[in-house]
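*Asks:* My questions will all concern the structure given below.
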Amino acid sequence: MTDKVMVRIDGEVITAKAGQSVLEVARANDKYIPALCYMEGLSAQGSCRLCMIEVSGVKRLLPACTTPVQEGLAVSTNSTQLHGYRRMALELLFAERNHICAVCVSSGHCELQSLAQEHGMTNVRYAYNYPKLTPDTTHPRFVFDPNRCVLCARCVRTCAEIEGAHVWEIAGRGIASGPVSELQRPWGEAASCTSCGKCVQACPTGALAEKGWAVEEMTKQRGVVSTLNTMREGQ
Amino acid sequence: MEQNVQEMHEAPDLQEARKARIGTCWLDGCSGCHMSLLDIDEAIVDVLAKADIVFGPLVDAQEWPEGVDVAVIEGAVSSTDDLELATKARERSGIVVALGDCAVTGNVPTMRNGIPTRALLERVYVEGSDEQQQIPTDGVPALLKQAEPLHAHIKVDVHVPGCPPKPETILYVLGELLEGRIPDVGSRQRFG
């Protein structure tokens, strides 16, 4: 029984498997922690900072998706303070690039937008950055619009871990960083891309989309990535 | 009979509180938010029972009046005229409502922000035109360097996102404000 640990999430004692993250344990026990870069079936990277939690005995906040459970761990996932920080992180995501929902194929089916709604967001308190970013429309079936990207890197992880093609990577540094296909070759010329489209399904916003959809028309099958992973684990 | 009518008009109704004064304006936007305001349909009669609309595209006033209770502003701040009107509306109004995505986030008007103003105007009025290839200057306000949301320039009290916001949301917001309450918009209207 050494692989079982007892943890306390928001006061409730829960039995978890060693090696699981706090986020996985919370979700398995119907406790909701918001997250954007996390996707079931992909490795966790802790970059979006939305799943930040308070851990007793630790002075700083930790991301639930990359914090493994351990015996006696006690966490708080839903305080007013956390809610405020999460809203701040969301507003910064909106301010960083040009998220113009009114002209986006994913409006109404967008995880960023849903999270904003969930956090009661009605405006962004920070100055907008308005970067000049050009969409890549060279792929015959898909389009990459960096204006809508939140740098969650789900596309990078899906392509590497599920498809095994490694087309996407994050290039650049700091605020200038972003996904590039095949070492900055236009997506349509990326020979390693199998055009499977799983990166498009994994993308939480309209940054990666199928061509041919109008505003609000693109819905994504987010279960695809998680299901494939589960099927492979079962083999 | 005539005298009675006269008396009715002149007699102050002591039961009725002073009617609130609403001003609306339309900066860099498409008027869709004003259309959504009109889409509250017959409910506008109830709103007008409690308030007068004293300025806006639907009213024939030339100058934003003093003593407005609620200013409802659609559109981003994009030109010198937009900035002047927004500033005046702020100074002369109690509560300022940013109505719709352009006022709240900047929305579509901000898509020009990555292009220098001069290059933008030349592309549209010189390269993009077959006749009279010149940038208009007479009777049109100068563009600001960037289109920005309302709160980048003036204090905004209530943000109502949506492109456009739903008529029910607008009616709820007006209803709450006219009752002296600040509406909770976040739970009723999707952001963006």
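Here, A, B, ... name the chains of the structure tokens in the order displayed, residue numbers run from 1 inside each chain, and ligands are numbered from 1 in the same displayed order.
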Write down as a PyMOL selection string the residues of chain A whose backbone DSSP state falls under strand (DSSP E).

*Replies:* chain A and resi 4-9+12-17+52-55+62-63+74-76+142-144+168-171+178-181+208-210

*Asks:* Pull out every residue of chain A that has at least one atom within 6 Å of chain B, counting only C-alpha atoms, and report them as a VMD selection string.

*Replies:* chain A and resid 100 to 101 117 120 to 122 132

*Asks:* The selected residues should be written to file as a PDB file, in the first residue's frame (atoms: C-alpha atoms).

*Replies:*
ATOM      1  CA  ILE A 100     -10.659  39.962 -30.977  1.00  0.00           C
ATOM      2  CA  CYS A 101     -13.466  37.552 -30.116  1.00  0.00           C
ATOM      3  CA  GLN A 117     -16.708  34.298 -17.943  1.00  0.00           C
ATOM      4  CA  GLY A 120     -16.644  37.281 -13.771  1.00  0.00           C
ATOM      5  CA  MET A 121     -14.319  39.235 -16.044  1.00  0.00           C
ATOM      6  CA  THR A 122     -15.907  42.205 -17.788  1.00  0.00           C
ATOM      7  CA  LYS A 132       1.806  42.994 -34.888  1.00  0.00           C
TER       8      LYS A 132
END

*Asks:* Considering only alpha helix (DSSP H) as DSSP defines it on the backbone, what residues of segment 26-231 of chain A qualify? List them as a PDB file with C-alpha atoms, in the first residue's frame.

*Replies:*
ATOM      1  CA  ALA A  26      -8.728  17.185  -7.481  1.00  0.00           C
ATOM      2  CA  ARG A  27     -10.429  16.566 -10.815  1.00  0.00           C
ATOM      3  CA  ALA A  28     -10.816  12.849 -10.120  1.00  0.00           C
ATOM      4  CA  THR A  80     -10.767  34.681  -2.869  1.00  0.00           C
ATOM      5  CA  GLN A  81      -7.096  35.531  -3.187  1.00  0.00           C
ATOM      6  CA  LEU A  82      -6.526  32.725  -5.715  1.00  0.00           C
ATOM      7  CA  HIS A  83      -9.592  33.805  -7.644  1.00  0.00           C
ATOM      8  CA  GLY A  84      -8.112  37.304  -7.848  1.00  0.00           C
ATOM      9  CA  TYR A  85      -4.732  36.027  -9.056  1.00  0.00           C
ATOM     10  CA  ARG A  86      -6.364  33.791 -11.644  1.00  0.00           C
ATOM     11  CA  ARG A  87      -8.377  36.694 -12.958  1.00  0.00           C
ATOM     12  CA  MET A  88      -5.186  38.730 -13.130  1.00  0.00           C
ATOM     13  CA  ALA A  89      -3.479  35.963 -15.149  1.00  0.00           C
ATOM     14  CA  LEU A  90      -6.462  35.841 -17.516  1.00  0.00           C
ATOM     15  CA  GLU A  91      -6.452  39.600 -18.030  1.00  0.00           C
ATOM     16  CA  LEU A  92      -2.737  39.511 -18.788  1.00  0.00           C
ATOM     17  CA  LEU A  93      -3.344  36.776 -21.376  1.00  0.00           C
ATOM     18  CA  PHE A  94      -5.975  38.948 -23.061  1.00  0.00           C
ATOM     19  CA  ALA A  95      -3.717  42.024 -22.938  1.00  0.00           C
ATOM     20  CA  GLU A  96      -0.679  40.238 -24.344  1.00  0.00           C
ATOM     21  CA  GLU A 111     -11.504  27.965 -23.276  1.00  0.00           C
ATOM     22  CA  LEU A 112      -9.928  31.370 -22.645  1.00  0.00           C
ATOM     23  CA  GLN A 113     -13.303  33.055 -23.093  1.00  0.00           C
ATOM     24  CA  SER A 114     -15.052  30.500 -20.850  1.00  0.00           C
ATOM     25  CA  LEU A 115     -12.475  31.025 -18.116  1.00  0.00           C
ATOM     26  CA  ALA A 116     -12.974  34.801 -18.364  1.00  0.00           C
ATOM     27  CA  GLN A 117     -16.708  34.298 -17.943  1.00  0.00           C
ATOM     28  CA  GLU A 118     -16.154  31.925 -15.039  1.00  0.00           C
ATOM     29  CA  ARG A 154      -0.663  22.118 -26.120  1.00  0.00           C
ATOM     30  CA  CYS A 155       0.080  22.007 -29.869  1.00  0.00           C
ATOM     31  CA  VAL A 156       3.782  21.421 -29.171  1.00  0.00           C
ATOM     32  CA  ARG A 157       3.058  18.617 -26.711  1.00  0.00           C
ATOM     33  CA  LYS A 198      -4.664  16.947 -33.532  1.00  0.00           C
ATOM     34  CA  CYS A 199      -2.858  20.199 -32.636  1.00  0.00           C
ATOM     35  CA  VAL A 200      -5.905  22.069 -33.938  1.00  0.00           C
ATOM     36  CA  GLN A 201      -8.247  20.014 -31.747  1.00  0.00           C
ATOM     37  CA  ALA A 202      -5.998  20.516 -28.706  1.00  0.00           C
ATOM     38  CA  GLY A 223     -11.443  14.551 -26.163  1.00  0.00           C
ATOM     39  CA  VAL A 224      -9.427  13.196 -29.116  1.00  0.00           C
ATOM     40  CA  VAL A 225      -6.013  13.737 -27.548  1.00  0.00           C
ATOM     41  CA  SER A 226      -6.969  12.373 -24.127  1.00  0.00           C
ATOM     42  CA  THR A 227      -8.751   9.355 -25.648  1.00  0.00           C
ATOM     43  CA  LEU A 228      -5.781   8.428 -27.835  1.00  0.00           C
ATOM     44  CA  ASN A 229      -3.495   8.609 -24.840  1.00  0.00           C
ATOM     45  CA  THR A 230      -5.802   6.456 -22.719  1.00  0.00           C
ATOM     46  CA  MET A 231      -6.062   3.835 -25.498  1.00  0.00           C
TER      47      MET A 231
END

*Asks:* Which residue is closest to Cys152 of chain A? Choose from A:Ala165, A:Cys203, A:Val105, A:Leu73 and count only C-alpha atoms.

*Replies:* A:Cys203

*Asks:* Between A:Gly234, A:Pro186, A:Arg125, A:Val25, single out the one closest to Lys155 of chain B, counting only C-alpha atoms.

*Replies:* A:Arg125

*Asks:* Excluding segment 47-50 of chain B and its own-chain neighbours fewer than 6 positions away, which residues fall within 10 Å of it when counting only C-alpha atoms? Please give them as a short mmCIF file (atom, residue, chain, number, x, y, z; two decimals) with C-alpha atoms, in the first residue's frame.

*Replies:*
data_model
loop_
_atom_site.label_atom_id
_atom_site.label_comp_id
_atom_site.auth_asym_id
_atom_site.auth_seq_id
_atom_site.Cartn_x
_atom_site.Cartn_y
_atom_site.Cartn_z
CA GLU B 16 -43.14 61.45 -9.28
CA ALA B 17 -39.44 61.61 -8.51
CA ARG B 18 -37.17 63.51 -10.89
CA LYS B 19 -36.64 61.50 -14.05
CA ALA B 20 -33.13 60.24 -14.57
CA ARG B 21 -31.17 61.55 -17.55
CA ILE B 22 -29.47 59.10 -19.89
CA ILE B 40 -35.10 45.74 -25.98
CA LEU B 171 -32.14 46.20 -20.20
CA LEU B 174 -30.26 50.14 -17.34
CA GLY B 175 -32.85 48.75 -14.92
CA LEU B 178 -32.08 53.43 -12.68
CA GLU B 179 -32.81 51.71 -9.37
#
